[in-house]
file final_26.cif (mmCIF, C-alpha atoms)
data_input
#
loop_
_atom_site.label_atom_id
_atom_site.label_comp_id
_atom_site.auth_asym_id
_atom_site.auth_seq_id
_atom_site.Cartn_x
_atom_site.Cartn_y
_atom_site.Cartn_z
CA MET A 1 -46.85 -97.32 -116.19
CA THR A 2 -46.54 -94.11 -114.19
CA VAL A 3 -43.17 -92.36 -113.98
CA LEU A 4 -42.22 -89.45 -111.74
CA VAL A 5 -39.96 -86.93 -113.47
CA THR A 6 -38.56 -84.35 -111.08
CA GLY A 7 -37.38 -81.06 -112.54
CA ALA A 8 -40.01 -81.46 -115.26
CA ALA A 9 -40.10 -77.72 -116.03
CA GLY A 10 -36.32 -77.72 -116.38
CA PHE A 11 -34.33 -78.23 -119.55
CA ILE A 12 -33.63 -81.97 -119.43
CA GLY A 13 -36.77 -82.85 -117.45
CA PHE A 14 -38.97 -81.14 -120.03
CA HIS A 15 -37.46 -83.09 -122.92
CA VAL A 16 -37.55 -86.40 -121.05
CA SER A 17 -41.20 -85.85 -120.12
CA ARG A 18 -42.14 -85.07 -123.74
CA ARG A 19 -40.47 -88.24 -124.95
CA LEU A 20 -42.13 -90.44 -122.32
CA LEU A 21 -45.53 -88.92 -123.11
CA ALA A 22 -44.97 -89.56 -126.81
CA ASP A 23 -44.24 -93.18 -125.92
CA GLY A 24 -47.58 -93.47 -124.08
CA VAL A 25 -46.23 -93.32 -120.54
CA MET A 26 -48.15 -91.65 -117.71
CA VAL A 27 -45.93 -88.87 -116.36
CA VAL A 28 -46.18 -86.96 -113.11
CA GLY A 29 -43.94 -83.93 -113.38
CA LEU A 30 -42.55 -82.26 -110.28
CA ASP A 31 -40.91 -78.84 -110.10
CA ASN A 32 -40.68 -75.99 -107.61
CA LEU A 33 -40.42 -73.35 -110.38
CA ASN A 34 -37.67 -71.48 -108.54
CA ASP A 35 -36.12 -68.31 -109.93
CA TYR A 36 -32.54 -69.53 -110.48
CA TYR A 37 -33.26 -68.53 -114.08
CA ASP A 38 -36.22 -67.12 -116.03
CA VAL A 39 -39.39 -68.63 -114.57
CA GLY A 40 -41.22 -67.64 -117.75
CA LEU A 41 -39.14 -70.11 -119.74
CA LYS A 42 -39.98 -72.85 -117.24
CA LYS A 43 -43.69 -72.03 -117.42
CA ASP A 44 -43.63 -72.11 -121.22
CA ARG A 45 -42.09 -75.57 -121.14
CA LEU A 46 -44.69 -76.64 -118.59
CA GLU A 47 -47.53 -75.27 -120.70
CA ILE A 48 -46.53 -77.62 -123.52
CA LEU A 49 -46.45 -80.61 -121.19
CA CYS A 50 -49.79 -79.80 -119.57
CA LYS A 51 -51.53 -80.08 -122.95
CA GLU A 52 -50.89 -83.83 -122.86
CA LYS A 53 -53.65 -85.93 -121.28
CA ASN A 54 -51.17 -88.33 -119.66
CA PHE A 55 -49.31 -85.55 -117.83
CA SER A 56 -50.05 -84.16 -114.40
CA PHE A 57 -48.03 -81.56 -112.54
CA ALA A 58 -47.07 -81.21 -108.89
CA GLU A 59 -45.58 -77.87 -107.88
CA LEU A 60 -43.46 -79.08 -105.01
CA ASP A 61 -39.96 -78.64 -103.59
CA LEU A 62 -37.87 -81.77 -103.04
CA VAL A 63 -36.97 -80.43 -99.60
CA ASP A 64 -40.63 -80.59 -98.48
CA SER A 65 -40.50 -83.95 -96.68
CA ASN A 66 -44.22 -84.13 -95.91
CA GLY A 67 -45.21 -83.13 -99.41
CA MET A 68 -42.83 -85.68 -100.95
CA GLN A 69 -44.11 -88.46 -98.69
CA LYS A 70 -47.68 -87.68 -99.66
CA LEU A 71 -46.87 -87.56 -103.37
CA PHE A 72 -45.14 -90.94 -103.33
CA LYS A 73 -47.85 -92.56 -101.24
CA GLU A 74 -50.71 -91.33 -103.42
CA SER A 75 -49.18 -91.87 -106.86
CA SER A 76 -47.69 -95.41 -106.88
CA PHE A 77 -44.77 -94.66 -109.20
CA GLU A 78 -43.27 -97.65 -110.97
CA GLN A 79 -40.14 -95.66 -111.83
CA VAL A 80 -38.57 -92.34 -110.88
CA ILE A 81 -36.27 -90.10 -112.93
CA ASN A 82 -34.71 -87.48 -110.67
CA LEU A 83 -33.54 -84.50 -112.73
CA ALA A 84 -34.31 -81.79 -110.17
CA ALA A 85 -31.25 -80.17 -108.64
CA GLN A 86 -29.61 -76.85 -107.98
CA ALA A 87 -27.36 -76.58 -111.03
CA GLY A 88 -24.37 -74.42 -111.88
CA VAL A 89 -20.72 -74.52 -110.84
CA ARG A 90 -20.15 -70.78 -110.43
CA TYR A 91 -23.44 -70.21 -108.61
CA SER A 92 -22.33 -72.74 -105.99
CA LEU A 93 -19.45 -70.44 -105.01
CA GLU A 94 -21.93 -67.74 -103.96
CA ASN A 95 -24.93 -69.76 -102.77
CA PRO A 96 -23.64 -72.98 -101.21
CA LYS A 97 -26.68 -73.59 -99.01
CA ALA A 98 -28.93 -73.95 -102.06
CA TYR A 99 -26.93 -77.04 -103.05
CA VAL A 100 -27.14 -78.62 -99.61
CA ASP A 101 -30.90 -78.09 -99.52
CA SER A 102 -31.81 -79.28 -103.01
CA ASN A 103 -29.07 -81.71 -103.94
CA LEU A 104 -28.60 -83.39 -100.55
CA SER A 105 -31.74 -82.96 -98.42
CA GLY A 106 -33.98 -83.07 -101.49
CA PHE A 107 -32.27 -86.15 -102.89
CA LEU A 108 -32.66 -87.90 -99.54
CA ASN A 109 -36.42 -87.40 -99.82
CA ILE A 110 -36.32 -89.02 -103.27
CA LEU A 111 -34.43 -92.02 -101.89
CA GLU A 112 -36.82 -92.35 -98.97
CA GLY A 113 -39.82 -92.13 -101.28
CA CYS A 114 -38.45 -94.89 -103.49
CA ARG A 115 -37.52 -97.04 -100.49
CA HIS A 116 -40.90 -96.91 -98.79
CA ASN A 117 -43.05 -97.23 -101.91
CA GLN A 118 -41.46 -100.11 -103.82
CA VAL A 119 -40.32 -98.02 -106.79
CA GLY A 120 -38.96 -100.43 -109.39
CA HIS A 121 -36.09 -98.28 -110.67
CA LEU A 122 -34.58 -94.92 -109.75
CA ILE A 123 -32.55 -93.08 -112.36
CA TYR A 124 -30.90 -89.88 -111.16
CA ALA A 125 -28.75 -87.16 -112.70
CA SER A 126 -25.13 -86.88 -111.70
CA SER A 127 -22.62 -84.77 -113.61
CA SER A 128 -19.28 -84.86 -115.42
CA SER A 129 -18.22 -82.31 -112.79
CA VAL A 130 -17.54 -85.19 -110.38
CA TYR A 131 -14.34 -85.97 -112.29
CA GLY A 132 -12.78 -82.85 -110.77
CA LEU A 133 -8.99 -83.04 -110.76
CA ASN A 134 -8.91 -86.22 -112.88
CA THR A 135 -6.77 -85.77 -115.98
CA ARG A 136 -6.81 -89.24 -117.55
CA MET A 137 -8.95 -89.04 -120.67
CA PRO A 138 -11.53 -90.13 -121.57
CA PHE A 139 -13.24 -89.98 -118.18
CA SER A 140 -14.39 -93.44 -117.12
CA VAL A 141 -16.97 -94.44 -114.52
CA HIS A 142 -14.44 -97.04 -113.38
CA ASP A 143 -12.00 -94.34 -112.25
CA ASN A 144 -11.92 -92.93 -108.73
CA VAL A 145 -13.54 -89.46 -108.40
CA ASP A 146 -12.65 -88.19 -104.95
CA HIS A 147 -11.36 -84.70 -105.81
CA PRO A 148 -14.25 -82.41 -106.87
CA LEU A 149 -13.51 -78.74 -107.58
CA SER A 150 -16.83 -77.16 -106.56
CA LEU A 151 -19.60 -77.71 -104.04
CA TYR A 152 -21.89 -78.49 -106.97
CA ALA A 153 -19.59 -81.32 -108.02
CA ALA A 154 -19.25 -82.48 -104.42
CA SER A 155 -23.05 -82.59 -104.06
CA LYS A 156 -23.31 -84.77 -107.17
CA LYS A 157 -20.63 -87.10 -105.87
CA ALA A 158 -22.57 -87.22 -102.59
CA ASN A 159 -25.68 -88.22 -104.55
CA GLU A 160 -23.80 -91.17 -105.98
CA LEU A 161 -22.68 -92.27 -102.51
CA MET A 162 -26.14 -91.83 -101.00
CA ALA A 163 -27.74 -93.75 -103.87
CA HIS A 164 -25.29 -96.61 -103.48
CA ALA A 165 -25.94 -96.85 -99.75
CA TYR A 166 -29.70 -97.14 -100.33
CA SER A 167 -29.19 -99.63 -103.15
CA HIS A 168 -27.03 -101.78 -100.87
CA LEU A 169 -29.21 -101.51 -97.76
CA TYR A 170 -32.63 -101.93 -99.36
CA ASP A 171 -31.86 -103.82 -102.60
CA MET A 172 -33.06 -100.80 -104.59
CA PRO A 173 -32.26 -100.76 -108.32
CA VAL A 174 -30.53 -97.40 -108.87
CA THR A 175 -28.78 -95.97 -111.93
CA GLY A 176 -26.72 -92.77 -111.88
CA LEU A 177 -26.03 -90.81 -115.06
CA ARG A 178 -23.11 -88.44 -115.45
CA PHE A 179 -24.20 -85.87 -118.03
CA PHE A 180 -21.62 -84.04 -120.14
CA THR A 181 -22.41 -80.39 -121.08
CA VAL A 182 -25.97 -80.81 -122.33
CA TYR A 183 -27.25 -78.30 -124.90
CA GLY A 184 -30.11 -77.84 -127.33
CA PRO A 185 -33.51 -76.13 -127.82
CA TRP A 186 -35.22 -74.94 -124.63
CA GLY A 187 -31.82 -74.95 -122.92
CA ARG A 188 -30.81 -73.20 -119.71
CA PRO A 189 -30.06 -69.45 -119.97
CA ASP A 190 -26.99 -69.82 -117.73
CA MET A 191 -25.25 -72.22 -120.13
CA ALA A 192 -22.58 -71.13 -122.61
CA LEU A 193 -24.57 -71.67 -125.82
CA PHE A 194 -27.48 -69.58 -124.54
CA LEU A 195 -25.24 -66.86 -123.09
CA PHE A 196 -23.11 -66.60 -126.23
CA THR A 197 -26.08 -66.54 -128.61
CA ARG A 198 -27.83 -63.83 -126.64
CA ALA A 199 -24.70 -61.67 -126.36
CA ILE A 200 -23.65 -62.02 -130.01
CA LEU A 201 -27.11 -61.03 -131.24
CA ALA A 202 -27.06 -58.03 -128.88
CA GLY A 203 -23.58 -56.97 -130.01
CA GLU A 204 -22.23 -57.51 -126.52
CA PRO A 205 -18.92 -59.20 -125.59
CA ILE A 206 -18.85 -62.85 -124.56
CA GLN A 207 -16.66 -64.08 -121.70
CA VAL A 208 -14.20 -66.71 -122.90
CA PHE A 209 -12.54 -68.40 -119.94
CA ASN A 210 -9.10 -70.01 -119.80
CA GLN A 211 -8.14 -67.82 -122.77
CA GLY A 212 -10.31 -70.04 -124.97
CA ARG A 213 -8.32 -73.20 -124.23
CA MET A 214 -11.30 -75.02 -122.69
CA GLN A 215 -12.58 -78.25 -124.24
CA ARG A 216 -16.02 -79.66 -123.60
CA ASP A 217 -17.82 -82.86 -124.56
CA PHE A 218 -20.98 -81.09 -125.77
CA THR A 219 -23.94 -83.50 -125.77
CA TYR A 220 -27.18 -82.81 -127.61
CA ILE A 221 -30.37 -83.06 -125.60
CA ASP A 222 -32.00 -85.71 -127.82
CA ASP A 223 -29.06 -88.04 -127.17
CA ILE A 224 -29.39 -87.50 -123.42
CA VAL A 225 -33.09 -88.35 -123.62
CA GLU A 226 -32.46 -91.45 -125.72
CA GLY A 227 -29.95 -92.73 -123.19
CA ILE A 228 -32.35 -92.20 -120.29
CA VAL A 229 -35.29 -93.83 -122.04
CA ARG A 230 -33.25 -96.88 -123.03
CA LEU A 231 -31.91 -97.30 -119.49
CA LEU A 232 -35.30 -96.92 -117.78
CA PRO A 233 -36.36 -100.58 -118.26
CA GLN A 234 -32.76 -101.80 -117.87
CA LEU A 235 -32.60 -102.69 -114.19
CA PRO A 236 -29.01 -102.64 -112.93
CA ALA A 237 -27.74 -106.07 -111.95
CA PRO A 238 -25.25 -106.69 -109.14
CA ASN A 239 -21.72 -107.31 -110.36
CA SER A 240 -20.93 -110.83 -109.17
CA ASP A 241 -17.23 -110.27 -109.88
CA TRP A 242 -16.99 -107.13 -107.75
CA ASN A 243 -14.03 -107.31 -105.36
CA GLY A 244 -13.64 -105.19 -102.26
CA ALA A 245 -9.86 -105.58 -102.41
CA SER A 246 -9.84 -103.68 -105.71
CA PRO A 247 -13.25 -101.96 -105.80
CA ASP A 248 -14.74 -100.86 -109.12
CA PRO A 249 -16.37 -97.41 -108.63
CA GLY A 250 -18.73 -97.88 -111.59
CA THR A 251 -20.41 -101.11 -110.44
CA SER A 252 -21.32 -102.83 -107.17
CA PRO A 253 -22.46 -106.07 -105.57
CA ALA A 254 -25.70 -104.10 -105.08
CA PRO A 255 -28.14 -103.39 -107.98
CA TYR A 256 -26.36 -100.12 -108.75
CA ARG A 257 -24.66 -98.76 -111.86
CA LEU A 258 -23.11 -95.55 -113.13
CA TYR A 259 -22.97 -94.42 -116.76
CA ASN A 260 -21.48 -91.50 -118.64
CA ILE A 261 -23.74 -89.88 -121.22
CA GLY A 262 -21.55 -87.70 -123.41
CA ASN A 263 -20.78 -87.21 -127.08
CA HIS A 264 -17.29 -88.73 -126.54
CA SER A 265 -15.83 -86.04 -128.80
CA PRO A 266 -14.41 -82.99 -126.97
CA VAL A 267 -14.56 -79.68 -128.83
CA LYS A 268 -12.35 -76.63 -128.34
CA LEU A 269 -14.28 -73.66 -126.98
CA LEU A 270 -13.11 -71.39 -129.82
CA ASP A 271 -14.40 -73.90 -132.38
CA PHE A 272 -17.71 -74.01 -130.50
CA ILE A 273 -17.94 -70.21 -130.70
CA ALA A 274 -17.08 -70.27 -134.41
CA LEU A 275 -20.05 -72.55 -135.08
CA ILE A 276 -22.38 -70.20 -133.21
CA GLU A 277 -21.03 -67.28 -135.24
CA LYS A 278 -21.60 -69.22 -138.45
CA ASN A 279 -25.22 -69.99 -137.59
CA LEU A 280 -25.95 -66.44 -136.44
CA GLY A 281 -24.13 -64.81 -139.32
CA ARG A 282 -22.36 -62.51 -136.86
CA LYS A 283 -18.95 -62.32 -135.21
CA ALA A 284 -18.49 -62.45 -131.47
CA ILE A 285 -16.69 -59.82 -129.43
CA LYS A 286 -14.47 -61.98 -127.24
CA GLU A 287 -13.36 -61.02 -123.75
CA MET A 288 -10.52 -63.44 -122.99
CA LEU A 289 -10.36 -64.32 -119.30
CA PRO A 290 -8.43 -66.71 -117.02
CA MET A 291 -9.78 -70.00 -115.69
CA GLN A 292 -12.57 -69.55 -113.19
CA PRO A 293 -12.64 -71.25 -109.76
CA GLY A 294 -14.43 -74.59 -109.91
CA ASP A 295 -13.93 -75.08 -113.66
CA VAL A 296 -11.98 -77.89 -115.32
CA PRO A 297 -9.99 -77.39 -118.54
CA ALA A 298 -11.49 -80.35 -120.43
CA THR A 299 -14.18 -83.04 -120.34
CA TYR A 300 -14.32 -86.22 -122.42
CA ALA A 301 -16.72 -89.12 -121.82
CA ASP A 302 -15.94 -92.81 -122.11
CA VAL A 303 -19.34 -94.26 -123.06
CA ALA A 304 -18.33 -97.89 -123.61
CA ASP A 305 -20.48 -99.08 -120.70
CA LEU A 306 -23.55 -97.25 -122.00
CA GLN A 307 -23.02 -98.73 -125.45
CA ALA A 308 -22.67 -102.22 -124.01
CA ALA A 309 -25.75 -101.86 -121.80
CA VAL A 310 -28.29 -100.42 -124.25
CA ASP A 311 -26.58 -100.43 -127.66
CA PHE A 312 -26.49 -96.65 -127.81
CA SER A 313 -24.03 -93.81 -127.56
CA PRO A 314 -24.61 -90.10 -128.28
CA LYS A 315 -23.79 -89.17 -131.85
CA THR A 316 -25.45 -85.88 -132.85
CA PRO A 317 -22.84 -83.65 -134.53
CA LEU A 318 -22.24 -80.30 -132.86
CA GLU A 319 -23.01 -78.53 -136.14
CA THR A 320 -26.50 -80.06 -136.12
CA GLY A 321 -27.16 -79.33 -132.47
CA ILE A 322 -26.12 -75.68 -132.65
CA ARG A 323 -28.21 -75.16 -135.79
CA GLU A 324 -31.25 -76.58 -133.99
CA PHE A 325 -30.66 -74.41 -130.94
CA VAL A 326 -30.18 -71.20 -132.93
CA GLY A 327 -33.35 -71.92 -134.91
CA TRP A 328 -35.31 -72.43 -131.69
CA TYR A 329 -33.79 -69.35 -130.04
CA ARG A 330 -34.65 -67.04 -132.95
CA GLU A 331 -38.21 -68.33 -133.09
CA TYR A 332 -38.80 -68.25 -129.32
CA TYR A 333 -37.37 -64.75 -128.84
CA GLY A 334 -38.42 -63.38 -132.23
CA CYS A 335 -34.96 -62.19 -133.24
#

call {"tool": "encode", "arguments": {"input": "final_26.cif", "output": "structure tokens"}}
result
Amino acid sequence: MTVLVTGAAGFIGFHVSRRLLADGVMVVGLDNLNDYYDVGLKKDRLEILCKEKNFSFAELDLVDSNGMQKLFKESSFEQVINLAAQAGVRYSLENPKAYVDSNLSGFLNILEGCRHNQVGHLIYASSSSVYGLNTRMPFSVHDNVDHPLSLYAASKKANELMAHAYSHLYDMPVTGLRFFTVYGPWGRPDMALFLFTRAILAGEPIQVFNQGRMQRDFTYIDDIVEGIVRLLPQLPAPNSDWNGASPDPGTSPAPYRLYNIGNHSPVKLLDFIALIEKNLGRKAIKEMLPMQPGDVPATYADVADLQAAVDFSPKTPLETGIREFVGWYREYYGC
């Protein structure tokens, strides 16, 4: 089996690719190696992947229609895992066009590639950000999500709509995954755990938004990978009970499904910081700030559907995950 993993030099794509390779799968990794964050970190991830005989790399941008068409035609992918995207809520306030290019135009090229080349299953990354103004907890895929708070979130909601349209029109098996605050070794430098660790070790203040009253459903990277790998052979079946008079947003009469992948255990931001301090053996200098535009005060995943589908739900304790990240960070940066 040959699987295309887009965003393979990124945080989640790197870990998914490693797991698939360990399972004996042929992986083609795609990435444009953009400079949204440290390209050196991306290249170091890629160097590890390229040592595996079953891995090949395509440096390509999703927006390159001709390049994407050629890649799909030449490679005969059985399955595609789309993890490439322009990430970041706050960055979307300053660079909106990047999200239209990568997350909309680029995703369209993925859908077209799957449509025209008989790809057996497309799994793509959505985000907990789509829940926007929703306040009913835990967040369920069966709830309506029509009020995003950032262009990033809107682009992810658009991905879900685009994917459903293609699933309906062309009978394409498509699964969307709403990730909840993913963290762990080799993580993104723009994420809170990375930012806080770096600042605390440097004796610099950390920015604590919403006066520290934020709550996040922090999800360890290994649990994200496990969920993806278990869902890959699980082709979504049409819901024969789906009713247009009372439509279920999480299922469809098409071969289309949505799942949350989260630790289903929200943690207060100040408790999260305390665990980082404990593992670093240093106290943080906290700069307490108001809520930032585009942010939500809390996230909390309902993972009942994931559990029912593949007998799995994320379970790594935050204490374990932060310890693993801090160990990796100190080794990688020699501090």

call {"tool": "resolve_selection", "arguments": {"input": "final_26.cif", "expression": "the PyMOL selection byres ((chain A and resi 144-151) around 9)", "output": "PyMOL selection string"}}
result
chain A and resi 89-90+92-93+96+99-100+129-134+140-143+152-157+248-250+293-296

call {"tool": "resolve_selection", "arguments": {"input": "final_26.cif", "expression": "the PyMOL selection byres ((chain A and resi 180) around 9)", "output": "number ranges by chain"}}
result
A: 127-129, 178-179, 181-182, 216-219, 260-263, 299-301

call {"tool": "closest_residue", "arguments": {"input": "final_26.cif", "among": "A:Gly7, A:Pro253, A:Gly321, A:Gly40", "to": "A:Pro185", "atoms": "only C-alpha atoms"}}
result
A:Gly321

call {"tool": "atom_distance", "arguments": {"input": "final_26.cif", "atom1": "atom CA of A:Ala274", "atom2": "atom CA of A:Gln211"}}
result
14.9 Å

call {"tool": "closest_residue", "arguments": {"input": "final_26.cif", "among": "A:His168, A:His15, A:Arg330, A:Lys278", "to": "A:Leu83", "atoms": "all atoms listed in the file"}}
result
A:His15

call {"tool": "resolve_selection", "arguments": {"input": "final_26.cif", "expression": "the PyMOL selection byres ((chain A and resi 214) around 12)", "output": "MDAnalysis selection string"}}
result
chainID A and resid 192 208:213 215:218 266:273 288:292 295:300

call {"tool": "residues_around", "arguments": {"input": "final_26.cif", "residues": "A:Phe55", "least_positions_apart": "5", "cutoff": "9 Å", "atoms": "all atoms listed in the file", "output": "list in words"}}
result
Ser17, Leu21, Val25, Met26, Val27, Val28, Gly29, Leu49 and Cys50 of chain A

call {"tool": "axis_aligned_box", "arguments": {"input": "final_26.cif", "around": "stretch 222-226 of chain A", "padding_each_side": "8 Å", "output": "lines of an AutoDock Vina configuration file"}}
result
center_x = -31.1
center_y = -88.6
center_z = -125.6
size_x = 20.0
size_y = 21.7
size_z = 20.4

call {"tool": "atom_distance", "arguments": {"input": "final_26.cif", "atom1": "atom CA of A:Leu169", "atom2": "atom CA of A:Met68"}}
result
21.1 Å

call {"tool": "closest_residue", "arguments": {"input": "final_26.cif", "among": "A:Gly67, A:Leu62, A:Leu122, A:Asp311", "to": "A:Asn109", "atoms": "only C-alpha atoms"}}
result
A:Leu62

call {"tool": "closest_residue", "arguments": {"input": "final_26.cif", "among": "A:Ser240, A:Gln234, A:Thr197, A:Ser265", "to": "A:Glu277", "atoms": "all atoms listed in the file"}}
result
A:Thr197

call {"tool": "atom_distance", "arguments": {"input": "final_26.cif", "atom1": "atom CA of A:Asp190", "atom2": "atom CA of A:Ser65"}}
result
28.7 Å

call {"tool": "residues_around", "arguments": {"input": "final_26.cif", "residues": "A:Ile12", "least_positions_apart": "6", "cutoff": "9 Å", "atoms": "all atoms listed in the file", "output": "MDAnalysis selection string"}}
result
chainID A and resid 83 182 186:187 221 224:225

call {"tool": "residues_around", "arguments": {"input": "final_26.cif", "residues": "A:Glu112", "least_positions_apart": "5", "cutoff": "10 Å", "atoms": "all atoms listed in the file", "output": "list in words"}}
result
Ser65, Met68, Gln69, Phe72, Phe107, Asn117 and Tyr166 of chain A

call {"tool": "residues_around", "arguments": {"input": "final_26.cif", "residues": "A:Leu232", "least_positions_apart": "2", "cutoff": "10 Å", "atoms": "all atoms listed in the file", "output": "number ranges by chain"}}
result
A: 3, 79-81, 120-123, 175, 227-230, 234-236
